[in-house]
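**Q** My structure file entry.cif, mmCIF, C-alpha atoms, is below:
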```cif
data_work
loop_
_atom_site.label_atom_id
_atom_site.label_comp_id
_atom_site.auth_asym_id
_atom_site.auth_seq_id
_atom_site.Cartn_x
_atom_site.Cartn_y
_atom_site.Cartn_z
CA MET A 1 127.05 -11.99 -166.85
CA ALA A 2 127.71 -8.24 -166.69
CA GLU A 3 127.77 -8.48 -162.88
CA SER A 4 130.43 -11.22 -162.89
CA LYS A 5 132.57 -9.17 -165.28
CA SER A 6 132.40 -6.08 -163.05
CA ALA A 7 133.08 -8.23 -159.96
CA SER A 8 136.21 -9.69 -161.55
CA THR A 9 137.32 -6.16 -162.49
CA LYS A 10 136.90 -5.10 -158.86
CA ASP A 11 138.98 -8.08 -157.71
CA ALA A 12 141.71 -7.16 -160.19
CA THR A 13 141.90 -3.61 -158.83
CA LYS A 14 141.94 -4.75 -155.22
CA LYS A 15 144.83 -7.17 -155.50
CA PRO A 16 147.51 -6.31 -158.05
CA LYS A 17 149.16 -9.17 -159.84
CA ALA A 18 152.60 -9.85 -158.42
CA MET A 19 155.56 -10.57 -160.62
CA PRO A 20 156.60 -14.23 -160.82
CA LYS A 21 158.53 -15.61 -157.85
CA LYS A 22 161.55 -16.32 -160.04
CA GLN A 23 161.79 -12.65 -161.05
CA LEU A 24 161.40 -11.54 -157.43
CA GLN A 25 164.27 -13.84 -156.48
CA HIS A 26 166.34 -12.43 -159.34
CA PHE A 27 165.79 -8.84 -158.12
CA GLU A 28 166.42 -9.81 -154.51
CA LYS A 29 169.76 -11.30 -155.59
CA ARG A 30 170.62 -8.17 -157.64
CA LEU A 31 169.76 -5.87 -154.73
CA LEU A 32 171.82 -7.92 -152.29
CA GLU A 33 174.79 -7.99 -154.70
CA GLU A 34 174.61 -4.21 -155.15
CA ARG A 35 174.34 -3.76 -151.38
CA LYS A 36 177.42 -5.90 -150.84
CA ARG A 37 179.35 -3.91 -153.46
CA VAL A 38 178.37 -0.58 -151.91
CA LEU A 39 179.32 -1.74 -148.41
CA LYS A 40 182.71 -2.80 -149.77
CA GLU A 41 183.14 0.62 -151.40
CA LEU A 42 182.17 2.37 -148.17
CA GLY A 43 184.77 0.27 -146.36
CA HIS A 44 187.34 1.35 -148.93
CA HIS A 45 186.51 5.02 -148.35
CA SER A 46 186.71 4.45 -144.62
CA ASP A 47 190.17 2.90 -145.07
CA THR A 48 191.25 5.91 -147.14
CA LEU A 49 190.55 8.24 -144.24
CA GLY A 50 191.58 5.84 -141.50
CA PRO A 51 189.71 5.27 -138.24
CA ASN A 52 190.62 8.67 -136.75
CA GLY A 53 190.87 10.68 -139.94
CA GLU A 54 194.52 9.69 -140.27
CA ALA A 55 196.10 9.07 -143.61
CA SER A 56 196.11 5.43 -144.69
CA ASP A 57 199.91 5.40 -144.84
CA GLY A 58 200.02 5.38 -141.03
CA ASP A 59 201.20 8.96 -140.65
CA SER A 60 199.61 10.11 -137.40
CA SER A 61 200.00 13.77 -138.32
CA ALA A 62 196.82 15.24 -139.74
CA TYR A 63 198.87 17.96 -141.44
CA SER A 64 201.41 17.84 -144.22
CA PHE A 65 204.55 19.88 -144.05
CA HIS A 66 204.33 21.32 -147.55
CA MET A 67 201.49 23.59 -148.71
CA ALA A 68 201.02 21.66 -151.95
CA ASP A 69 200.70 18.41 -149.98
CA GLN A 70 198.16 20.06 -147.70
CA GLY A 71 196.04 21.04 -150.68
CA THR A 72 196.28 17.58 -152.19
CA ASP A 73 195.40 15.93 -148.86
CA ALA A 74 192.41 18.21 -148.35
CA MET A 75 191.17 17.50 -151.87
CA GLU A 76 191.54 13.74 -151.38
CA ARG A 77 189.63 13.87 -148.06
CA GLU A 78 186.83 15.88 -149.67
CA LYS A 79 186.67 13.49 -152.62
CA ALA A 80 186.53 10.46 -150.31
CA PHE A 81 183.78 12.09 -148.26
CA LEU A 82 181.80 12.95 -151.40
CA PHE A 83 182.01 9.40 -152.73
CA ALA A 84 181.18 7.92 -149.33
CA SER A 85 178.11 10.14 -148.91
CA LYS A 86 176.94 9.32 -152.46
CA GLU A 87 177.39 5.59 -151.82
CA GLY A 88 175.63 5.99 -148.47
CA ARG A 89 172.57 7.48 -150.17
CA PHE A 90 172.62 4.69 -152.74
CA LEU A 91 172.80 2.13 -149.91
CA TRP A 92 169.75 3.73 -148.31
CA HIS A 93 167.83 3.41 -151.61
CA LEU A 94 168.88 -0.24 -151.93
CA ASP A 95 167.69 -0.94 -148.38
CA GLN A 96 164.36 0.74 -149.14
CA ALA A 97 163.95 -1.44 -152.24
CA LEU A 98 164.68 -4.57 -150.20
CA ARG A 99 162.08 -3.47 -147.63
CA ARG A 100 159.51 -3.02 -150.40
CA LEU A 101 160.38 -6.43 -151.81
CA TYR A 102 160.02 -8.18 -148.44
CA LYS A 103 157.00 -6.27 -147.08
CA ALA A 104 154.84 -6.16 -150.19
CA PRO A 105 156.18 -8.42 -152.95
CA GLU A 106 152.98 -7.96 -154.94
CA MET A 107 153.78 -4.23 -155.21
CA PHE A 108 157.47 -4.58 -156.04
CA GLY A 109 158.16 -3.50 -159.60
CA LYS A 110 155.11 -1.22 -159.71
CA CYS A 111 155.54 2.50 -160.33
CA HIS A 112 154.89 4.58 -157.21
CA GLN A 113 153.41 7.34 -159.35
CA CYS A 114 151.05 5.68 -161.84
CA GLY A 115 150.93 2.06 -160.62
CA ASP A 116 152.01 0.56 -163.94
CA GLU A 117 154.63 -2.14 -164.05
CA ILE A 118 158.22 -0.98 -164.31
CA ALA A 119 159.92 -2.61 -167.30
CA PHE A 120 162.05 -5.65 -166.48
CA GLU A 121 165.02 -4.11 -168.29
CA ARG A 122 164.82 -0.96 -166.14
CA LEU A 123 164.59 -2.96 -162.91
CA ASP A 124 167.43 -5.20 -164.01
CA ALA A 125 169.64 -2.17 -164.67
CA LEU A 126 168.44 -0.26 -161.59
CA PRO A 127 166.84 -2.73 -159.17
CA ASN A 128 165.93 0.01 -156.69
CA ALA A 129 163.86 1.95 -159.26
CA ARG A 130 160.57 3.31 -157.90
CA TYR A 131 159.21 4.90 -161.07
CA CYS A 132 158.57 3.74 -164.61
CA ILE A 133 160.50 5.51 -167.36
CA ALA A 134 157.63 7.88 -168.25
CA CYS A 135 157.04 9.04 -164.66
CA LYS A 136 160.76 9.41 -163.96
CA GLN A 137 161.12 11.47 -167.14
CA ARG A 138 158.26 13.74 -166.05
CA GLU A 139 159.86 14.14 -162.61
CA GLU A 140 163.23 15.09 -164.11
CA ASP A 141 161.64 17.45 -166.63
CA SER A 142 159.76 19.25 -163.84
CA LYS A 143 163.05 19.72 -161.95
CA LYS A 144 164.61 21.38 -165.02
CA ALA A 145 161.78 23.88 -165.37
#
```
How does the structure come out when it is put into structure tokens?

**A**
Amino acid sequence: MAESKSASTKDATKKPKAMPKKQLQHFEKRLLEERKRVLKELGHHSDTLGPNGEASDGDSSAYSFHMADQGTDAMEREKAFLFASKEGRFLWHLDQALRRLYKAPEMFGKCHQCGDEIAFERLDALPNARYCIACKQREEDSKKA
């Protein structure tokens, strides 16, 4: 009897229990919705700059005539670039989460650090989460120090 108990423990460590198919579908839908939203935002930032870096108002001149306008234009371009790069990084994280979901669904929702399950509420709020709350907190605390 002790042997069968240790054998079942070995089996449990070899193959982690996957989350239910319905939850996986829920997270797939959330990830795809977020991806669609981010792509739309990136398109908006692209429209702000125009295809050749032109202003969206159709003015083909890259320079304003007044110094104050030049400063405002430069600030707006920098802001658009900052938001676009931030959204681009978020898109990359969403794509990585989708890859994890499709390649190894039994591992999706498991913490990359400790292997524990990530809480449903955390994944629902941040479907691309890779760490449980405790491990993420430790990671952030180590960055502060």

**Q** For the file shown, report as a list in words the outcome of the PyMOL selection byres ((chain A and resi 105) around 12) at residue level.

**A** Lys15, Pro16, Lys17, Ala18, Met19, Pro20, Lys21, Lys22, Gln23, Leu24, Gln25, Phe27, Glu28, Ala97, Leu98, Arg99, Arg100, Leu101, Tyr102, Lys103, Ala104, Glu106, Met107, Phe108, Gly109 and Lys110 of chain A

**Q** Could you put an axis-aligned box around every listed atom of stretch 115-121 of chain A, padded by 3 Å on each side, and send me its centre and edge lengths in Å to one decimal, as AutoDock Vina command-line options?

**A**
```
--center_x 158.0 --center_y -1.8 --center_z -164.5 --size_x 20.1 --size_y 13.7 --size_z 13.7
```

**Q** Selection in question (the file shown): the PyMOL selection byres ((chain A and resi 111) around 12). Which residues does it include, as a PyMOL selection string?

**A** chain A and resi 107-110+112-119+122-123+128-136

**Q** If you count all atoms listed in the file, which residues fall within 9 Å of A:Glu87, apart from same-chain ones fewer than 6 positions away, as a list in words?

**A**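 Neighbouring residues, sequence-local ones excluded: Val38, Leu39, Glu41 and Leu42 of chain A.
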
**Q** Go through A:Glu78, A:Gln137, A:His26, A:Gly88 and flag the residue nearest A:Gly43, using all atoms listed in the file for the distances.

**A**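 Of the candidates, the smallest distance to A:Gly43 is held by A:Gly88.
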
**Q** Work out how far apart atom CA of A:Phe83 and atom CA of A:Phe120 are and give it in Å to one decimal.

**A**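 Rounded to one decimal, the two atoms are 28.5 Å apart.
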
**Q** Enumerate, as a ChimeraX atom specification, the protein, DNA and RNA residues whose atoms approach (171.8, -3.3, -151.0) to within 6 Å, taking into account all atoms listed in the file and the coordinate frame of the file.

**A** /A:31-32,34-35,91,94-95

**Q** Now that the selection is made, can you save its residues with C-alpha atoms as a CSV table (one decimal), in the coordinates of the input?

**A**
```csv
chain,number,residue,atom,x,y,z
A,31,LEU,CA,169.8,-5.9,-154.7
A,32,LEU,CA,171.8,-7.9,-152.3
A,34,GLU,CA,174.6,-4.2,-155.2
A,35,ARG,CA,174.3,-3.8,-151.4
A,91,LEU,CA,172.8,2.1,-149.9
A,94,LEU,CA,168.9,-0.2,-151.9
A,95,ASP,CA,167.7,-0.9,-148.4
```

**Q** Grab the atom CA of A:Leu126 to atom CA of A:Glu33 distance for me, in Å with one decimal place.

**A**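 The value is 12.1 Å.
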
**Q** Can you tell me how far atom CA of A:Arg30 sits from atom CA of A:Ala80, in Å to one decimal?

**A**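 Calculated distance between atom CA of A:Arg30 and atom CA of A:Ala80 is 25.6 Å.
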
**Q** Nearest to A:Ala84: which of A:Lys29, A:Lys40, A:Arg138, A:His66 is it, counting all atoms listed in the file?

**A** A:Lys40

**Q** For stretch 16-45 of chain A, supply N, CA and C atoms and report the output as a PDB file, in the coordinates of the input.

**A**
```pdb
ATOM      1  N   PRO A  16     146.700  -6.353-156.834  1.00  0.00           N
ATOM      2  CA  PRO A  16     147.510  -6.310-158.050  1.00  0.00           C
ATOM      3  C   PRO A  16     148.242  -7.627-158.257  1.00  0.00           C
ATOM      4  N   LYS A  17     148.478  -7.926-159.503  1.00  0.00           N
ATOM      5  CA  LYS A  17     149.160  -9.170-159.840  1.00  0.00           C
ATOM      6  C   LYS A  17     150.654  -9.013-159.569  1.00  0.00           C
ATOM      7  N   ALA A  18     151.176  -9.909-158.768  1.00  0.00           N
ATOM      8  CA  ALA A  18     152.600  -9.850-158.420  1.00  0.00           C
ATOM      9  C   ALA A  18     153.428 -10.433-159.555  1.00  0.00           C
ATOM     10  N   MET A  19     154.674  -9.994-159.616  1.00  0.00           N
ATOM     11  CA  MET A  19     155.560 -10.570-160.620  1.00  0.00           C
ATOM     12  C   MET A  19     155.914 -11.990-160.197  1.00  0.00           C
ATOM     13  N   PRO A  20     156.295 -12.834-161.138  1.00  0.00           N
ATOM     14  CA  PRO A  20     156.600 -14.230-160.820  1.00  0.00           C
ATOM     15  C   PRO A  20     157.695 -14.338-159.748  1.00  0.00           C
ATOM     16  N   LYS A  21     157.606 -15.394-158.962  1.00  0.00           N
ATOM     17  CA  LYS A  21     158.530 -15.610-157.850  1.00  0.00           C
ATOM     18  C   LYS A  21     159.986 -15.662-158.327  1.00  0.00           C
ATOM     19  N   LYS A  22     160.197 -16.221-159.503  1.00  0.00           N
ATOM     20  CA  LYS A  22     161.550 -16.320-160.040  1.00  0.00           C
ATOM     21  C   LYS A  22     162.148 -14.934-160.302  1.00  0.00           C
ATOM     22  N   GLN A  23     161.322 -14.018-160.823  1.00  0.00           N
ATOM     23  CA  GLN A  23     161.790 -12.650-161.050  1.00  0.00           C
ATOM     24  C   GLN A  23     162.058 -11.939-159.732  1.00  0.00           C
ATOM     25  N   LEU A  24     161.180 -12.144-158.746  1.00  0.00           N
ATOM     26  CA  LEU A  24     161.400 -11.540-157.430  1.00  0.00           C
ATOM     27  C   LEU A  24     162.723 -12.016-156.837  1.00  0.00           C
ATOM     28  N   GLN A  25     163.003 -13.305-156.981  1.00  0.00           N
ATOM     29  CA  GLN A  25     164.270 -13.840-156.480  1.00  0.00           C
ATOM     30  C   GLN A  25     165.454 -13.234-157.227  1.00  0.00           C
ATOM     31  N   HIS A  26     165.281 -13.041-158.533  1.00  0.00           N
ATOM     32  CA  HIS A  26     166.340 -12.430-159.340  1.00  0.00           C
ATOM     33  C   HIS A  26     166.638 -11.013-158.834  1.00  0.00           C
ATOM     34  N   PHE A  27     165.590 -10.221-158.583  1.00  0.00           N
ATOM     35  CA  PHE A  27     165.790  -8.840-158.120  1.00  0.00           C
ATOM     36  C   PHE A  27     166.313  -8.800-156.690  1.00  0.00           C
ATOM     37  N   GLU A  28     165.876  -9.740-155.870  1.00  0.00           N
ATOM     38  CA  GLU A  28     166.420  -9.810-154.510  1.00  0.00           C
ATOM     39  C   GLU A  28     167.928 -10.065-154.576  1.00  0.00           C
ATOM     40  N   LYS A  29     168.337 -10.987-155.429  1.00  0.00           N
ATOM     41  CA  LYS A  29     169.760 -11.300-155.590  1.00  0.00           C
ATOM     42  C   LYS A  29     170.522 -10.077-156.098  1.00  0.00           C
ATOM     43  N   ARG A  30     169.963  -9.372-157.093  1.00  0.00           N
ATOM     44  CA  ARG A  30     170.620  -8.170-157.640  1.00  0.00           C
ATOM     45  C   ARG A  30     170.764  -7.087-156.575  1.00  0.00           C
ATOM     46  N   LEU A  31     169.704  -6.880-155.786  1.00  0.00           N
ATOM     47  CA  LEU A  31     169.760  -5.870-154.730  1.00  0.00           C
ATOM     48  C   LEU A  31     170.803  -6.227-153.679  1.00  0.00           C
ATOM     49  N   LEU A  32     170.845  -7.494-153.294  1.00  0.00           N
ATOM     50  CA  LEU A  32     171.820  -7.920-152.290  1.00  0.00           C
ATOM     51  C   LEU A  32     173.251  -7.817-152.815  1.00  0.00           C
ATOM     52  N   GLU A  33     173.449  -8.126-154.103  1.00  0.00           N
ATOM     53  CA  GLU A  33     174.790  -7.990-154.700  1.00  0.00           C
ATOM     54  C   GLU A  33     175.215  -6.518-154.730  1.00  0.00           C
ATOM     55  N   GLU A  34     174.296  -5.637-155.129  1.00  0.00           N
ATOM     56  CA  GLU A  34     174.610  -4.210-155.150  1.00  0.00           C
ATOM     57  C   GLU A  34     174.906  -3.701-153.745  1.00  0.00           C
ATOM     58  N   ARG A  35     174.134  -4.172-152.777  1.00  0.00           N
ATOM     59  CA  ARG A  35     174.340  -3.760-151.380  1.00  0.00           C
ATOM     60  C   ARG A  35     175.714  -4.182-150.899  1.00  0.00           C
ATOM     61  N   LYS A  36     176.103  -5.395-151.228  1.00  0.00           N
ATOM     62  CA  LYS A  36     177.420  -5.900-150.840  1.00  0.00           C
ATOM     63  C   LYS A  36     178.532  -5.067-151.478  1.00  0.00           C
ATOM     64  N   ARG A  37     178.354  -4.719-152.754  1.00  0.00           N
ATOM     65  CA  ARG A  37     179.350  -3.910-153.460  1.00  0.00           C
ATOM     66  C   ARG A  37     179.485  -2.528-152.822  1.00  0.00           C
ATOM     67  N   VAL A  38     178.353  -1.920-152.500  1.00  0.00           N
ATOM     68  CA  VAL A  38     178.370  -0.580-151.910  1.00  0.00           C
ATOM     69  C   VAL A  38     179.024  -0.620-150.524  1.00  0.00           C
ATOM     70  N   LEU A  39     178.703  -1.620-149.729  1.00  0.00           N
ATOM     71  CA  LEU A  39     179.320  -1.740-148.410  1.00  0.00           C
ATOM     72  C   LEU A  39     180.834  -1.900-148.523  1.00  0.00           C
ATOM     73  N   LYS A  40     181.265  -2.641-149.533  1.00  0.00           N
ATOM     74  CA  LYS A  40     182.710  -2.800-149.770  1.00  0.00           C
ATOM     75  C   LYS A  40     183.330  -1.461-150.136  1.00  0.00           C
ATOM     76  N   GLU A  41     182.651  -0.702-151.006  1.00  0.00           N
ATOM     77  CA  GLU A  41     183.140   0.620-151.400  1.00  0.00           C
ATOM     78  C   GLU A  41     183.202   1.559-150.198  1.00  0.00           C
ATOM     79  N   LEU A  42     182.172   1.523-149.364  1.00  0.00           N
ATOM     80  CA  LEU A  42     182.170   2.370-148.170  1.00  0.00           C
ATOM     81  C   LEU A  42     183.320   1.992-147.243  1.00  0.00           C
ATOM     82  N   GLY A  43     183.629   0.719-147.154  1.00  0.00           N
ATOM     83  CA  GLY A  43     184.770   0.270-146.360  1.00  0.00           C
ATOM     84  C   GLY A  43     186.069   0.787-146.939  1.00  0.00           C
ATOM     85  N   HIS A  44     186.147   0.822-148.272  1.00  0.00           N
ATOM     86  CA  HIS A  44     187.340   1.350-148.930  1.00  0.00           C
ATOM     87  C   HIS A  44     187.522   2.828-148.616  1.00  0.00           C
ATOM     88  N   HIS A  45     186.429   3.589-148.661  1.00  0.00           N
ATOM     89  CA  HIS A  45     186.510   5.020-148.350  1.00  0.00           C
ATOM     90  C   HIS A  45     186.875   5.225-146.890  1.00  0.00           C
TER      91      HIS A  45
END
```
